[in-house]
Amino acid sequence: MCGIVGYVGNQECADLLVDGLRRLEYRGYDSAGLATLVRSDGEKRPIEVLRAVGKLGNLVAALRERPLKGTTGIGHTRWATHGRPTEVNAHPHVAGPIALVHNGIIENHLALKRELSAEGVKFSSDTDTEMVAHLIHREAKAGHELFVAVKRALAQVHGAYAVAVIDQRQPDRIVVAKNASPLVIGFGDGEMFAASDIPAVLPYTNRVLLLEDGEVGLLTADGIQVESLDGKKVEREPRTITWSAAQAEKGGFKHFMLKEIHEQPRAIEDTLRGRVDLANGDIIASEIGLDEATVAKVQRVYFIACGTSSHATLYGRQLVESLAGIPSQCELASEFVGRDPVIGPTDLVVAVSQSGETLDTLAALKVAKEKGAQLLAIANVIHSAIPRAAGAAFYTHAGPEIGVASTKCFTTQLAACLLLAVYLGRRNGKLSKEKAQELLQHTVELPHHMRATLALDDLVRDLARPLASSHSALFLGRGVSFPIAVEGALKLKEISYIHAEGYAAGEMKHGPIALIDANMPVIAVMPDDRSYEKIASNVQEARARDGVVIAIATRGNSEIGAIANKVIYVPKVDPLLSPFITSIPLQLLSYYVADFKGTDVDQPRNLAKTVTVE
Ligand code: F6R
């Protein structure tokens, strides 16, 4: 997602800020900008701002036309969330003497906008960020110096943020703050740096301090003073980074895919943020992208997607049926366009695509549109072709995914499907407030359980080593674990080039059981739920034919150890939510098998991240 940089020192900083932004390019962006301040040339000068849509090259070209002077500055690469990727929506945002860059999502931006509008504030962008600039300006007008003004303003903000703020009144400083989004401070010699990630500061210093949630920092050329939002002093020493710049870009992980697997708790938090109304057991209507009149017409939900996204829809279908009692179907987009589907105005067609650009899905959506169906896109990339064609969008906010094999985009799609199903169930009365409250409470606790599951990394790695010499593998699941088994098989074949099949466990005896012998690893996804007894029988059948079974089972299961050859015990969660947990060991398994085999994990052969051919 967005990238932030900041500099205060004695060097002219515009080029330095651009260099930092370049090192954050991997986070993905669609516009960029800078703001600088001249510290002390005798006269007071206004903040200089430059912004450009598209790649950093456009900002550099604009800088050549109009160089920015100053030794204090902030910079930003924006990955659009609220408002299109245009120059007015690009950061920095300016309000009076204040300029600010922000990474994250301000949840109460609509309420803040109403409040500020009533005071006569005029807005120049569609962003949630601009509200924060105006809040700080309001505090500045009340006579507060920058550090105090930022603390007072942020106390009024709910949501995720990392911000860097400069103030024409005090050109020798930057104020930074963090809650949920990352912020790193770099310690130079007579100069200080701020950035969203370590690689941006690593060419200049390897002494860094990672700001914690709820902390605010006052940066001057001589150092940093850190406080909590409520003004308590924080004393923490910087630490020394020993990674190379290339390693640092991956946050110390060997591959982007592994980094993205580990980012999933944060990604799910971002998908849920500002959308779950626990008090009313509901989903915030303005977030779902559908109006009530449209929803009232819906008699069937049709999911269309490709590849990994289509596996997320298999879960979505089950949720829509069980939580909203609405008949639901899934279809591969490429098959949907190849026949004459019977759909019409009472169908809600949900196109699911992380890139938002997959041509097959776009073509299927157009067919649905021609037939008069209601449309919704679930996508990760803002304003991409599929959400634009659908006219209604629910964004997953997973952040950019660099690894070609999808991981965090998949689990955030599961979350989007879940929120959609709850929303539909609450609208038509099938889902009671109490049941929804309970499920949503369990949902917001998922990131915690996902973190605990990620701690199994080393164990999964050990189990993966012998699999690297296999020629084939069978993944089994039932109920909500069926989509996870199919997705597990796809991950393995994509990145390790080992043939794998994902099967509904009940189908094994109808054919695939013929494949089972001592050379066939069987991975059974079998958390505690209503399918458990049945899949346990399927596992026994595989063992009776010498199959080598690795089971993904719930912690506390006392019998599976005697049936399967190896067990990965995962935390217990609501049975409907187990896919968020069971996905993780399967992703790690594929990753480590591929890594042991030495394949190109992040860019597997023949595959592309965005598939724009039919
Ligand atoms: C596999 C993977 C692909 C995509 C598929 C659709 O890891 O990522 O199977 O899911 O190409 O792409 P999107 O979701 O962008 O429509």
# chains A, B, ... in the order shown; residues from 1 in each chain; ligands from 1
call {"tool": "residues_near_ligand", "arguments": {"ligand": "ligand 1", "cutoff": "6 Å", "atoms": "only C-alpha atoms and all ligand atoms", "output": "list in words"}}
result
Cys306, Gly307, Thr308, Ser309, Ser353, Gln354, Ser355, Gly356, Thr358, Ala405, Ser406, Thr610 and Val611 of chain A
call {"tool": "select_by_dssp", "arguments": {"residues": "range 16-225 of chain A", "states": "alpha helix (DSSP H)", "output": "ChimeraX atom specification"}}
result
/A:16-22,56-65,109-118,129-141,146-154
call {"tool": "closest_residue", "arguments": {"among": "A:Gly338, A:Leu112, A:Pro400, A:Ala377", "to": "Glu25 in chain A", "atoms": "only C-alpha atoms"}}
result
A:Pro400
call {"tool": "select_by_dssp", "arguments": {"residues": "range 34-252 of chain A", "states": "strand (DSSP E or B)", "output": "ChimeraX atom specification"}}
result
/A:34-37,48-53,72-78,93-95,98-106,159-167,174-180,184-187,192-195,207-210,215-220,223-228,233-234,239-240
call {"tool": "closest_residue", "arguments": {"among": "A:Ala504, A:Leu577, A:Ala324, A:Glu335", "to": "His449 in chain A", "atoms": "only C-alpha atoms"}}
result
A:Leu577
call {"tool": "closest_residue", "arguments": {"among": "A:Ala195, A:Ala149, A:Cys13, A:Leu209", "to": "His76 in chain A", "atoms": "only C-alpha atoms"}}
result
A:Ala195
call {"tool": "closest_residue", "arguments": {"among": "A:Val601, A:Val549, A:Val381, A:Ala608", "to": "Arg84 in chain A", "atoms": "only C-alpha atoms"}}
result
A:Val381
call {"tool": "closest_residue", "arguments": {"among": "A:Glu12, A:Asp19, A:Glu227, A:Asp595", "to": "Ala468 in chain A", "atoms": "only C-alpha atoms"}}
result
A:Asp595
call {"tool": "residues_around", "arguments": {"residues": "Leu446 in chain A", "least_positions_apart": "5", "cutoff": "12 Å", "atoms": "only C-alpha atoms", "output": "PyMOL selection string"}}
result
chain A and resi 264-269+271-272+411-412+415+439-441+451-453+571-582
call {"tool": "closest_residue", "arguments": {"among": "A:Pro203, A:Cys417, A:Ile174, A:Leu218", "to": "Ile283 in chain A", "atoms": "only C-alpha atoms"}}
result
A:Cys417
call {"tool": "residues_around", "arguments": {"residues": "Ser481 in chain A", "least_positions_apart": "3", "cutoff": "12 Å", "atoms": "only C-alpha atoms", "output": "JSON, numbers by chain"}}
result
{"A": [311, 312, 314, 315, 318, 475, 476, 477, 478, 484, 485, 486, 487, 488, 502, 503, 504, 505, 523, 524, 525, 526, 527, 528, 529, 530, 531, 532, 535, 552, 553, 575, 576, 577, 578, 579, 580, 581, 582, 583, 586]}
call {"tool": "residues_around", "arguments": {"residues": "Val342 in chain A", "least_positions_apart": "3", "cutoff": "10 Å", "atoms": "only C-alpha atoms", "output": "NGL selection string"}}
result
:A and (339 or 347 or 368 or 371)
call {"tool": "closest_atom_pairs", "arguments": {"of": "range 145-235 of chain A", "to": "range 48-58 of chain A", "cutoff": "12 Å", "atoms": "only C-alpha atoms", "output": "CSV"}}
result
residue,atom,partner,partner_atom,distance
A:Ile166,CA,A:Glu48,CA,11.0
A:Asp167,CA,A:Glu48,CA,11.3
A:Gln168,CA,A:Glu48,CA,9.8
A:Pro171,CA,A:Glu48,CA,11.9
call {"tool": "write_last_selection", "arguments": {"atoms": "all heavy atoms", "output": "mmCIF file, in the first residue's frame"}}
result
data_model
loop_
_atom_site.group_PDB
_atom_site.id
_atom_site.type_symbol
_atom_site.label_atom_id
_atom_site.label_comp_id
_atom_site.auth_asym_id
_atom_site.auth_seq_id
_atom_site.Cartn_x
_atom_site.Cartn_y
_atom_site.Cartn_z
ATOM 1 N N ILE A 166 4.538 18.258 8.168
ATOM 2 C CA ILE A 166 5.421 19.422 8.305
ATOM 3 C C ILE A 166 4.565 20.674 8.454
ATOM 4 O O ILE A 166 3.379 20.677 8.099
ATOM 5 C CB ILE A 166 6.428 19.560 7.135
ATOM 6 C CG1 ILE A 166 5.706 19.580 5.779
ATOM 7 C CG2 ILE A 166 7.461 18.448 7.183
ATOM 8 C CD1 ILE A 166 6.642 19.842 4.605
ATOM 9 N N ASP A 167 5.203 21.730 8.977
ATOM 10 C CA ASP A 167 4.466 22.936 9.345
ATOM 11 C C ASP A 167 5.345 24.138 8.991
ATOM 12 O O ASP A 167 6.483 24.250 9.480
ATOM 13 C CB ASP A 167 4.205 22.890 10.869
ATOM 14 C CG ASP A 167 3.375 24.047 11.375
ATOM 15 O OD1 ASP A 167 3.276 25.078 10.675
ATOM 16 O OD2 ASP A 167 2.836 23.919 12.486
ATOM 17 N N GLN A 168 4.795 24.990 8.150
ATOM 18 C CA GLN A 168 5.516 26.181 7.716
ATOM 19 C C GLN A 168 5.969 27.026 8.911
ATOM 20 O O GLN A 168 6.984 27.704 8.840
ATOM 21 C CB GLN A 168 4.517 26.973 6.888
ATOM 22 C CG GLN A 168 5.065 27.985 5.971
ATOM 23 C CD GLN A 168 3.871 28.722 5.366
ATOM 24 O OE1 GLN A 168 2.888 28.102 4.987
ATOM 25 N NE2 GLN A 168 3.956 30.028 5.319
ATOM 26 N N PRO A 171 9.803 25.166 10.487
ATOM 27 C CA PRO A 171 10.375 24.416 9.365
ATOM 28 C C PRO A 171 11.536 23.493 9.729
ATOM 29 O O PRO A 171 12.082 22.833 8.847
ATOM 30 C CB PRO A 171 10.829 25.511 8.402
ATOM 31 C CG PRO A 171 10.937 26.739 9.201
ATOM 32 C CD PRO A 171 10.054 26.612 10.405
#
call {"tool": "residues_around", "arguments": {"residues": "Leu588 in chain A", "least_positions_apart": "6", "cutoff": "10 Å", "atoms": "only C-alpha atoms", "output": "ChimeraX atom specification"}}
result
/A:257-258,261-262,407,454,456-461,464,488,491-492,594
call {"tool": "residues_around", "arguments": {"residues": "Asp230 in chain A", "least_positions_apart": "3", "cutoff": "9 Å", "atoms": "only C-alpha atoms", "output": "ChimeraX atom specification"}}
result
/A:151-152,155,214,227
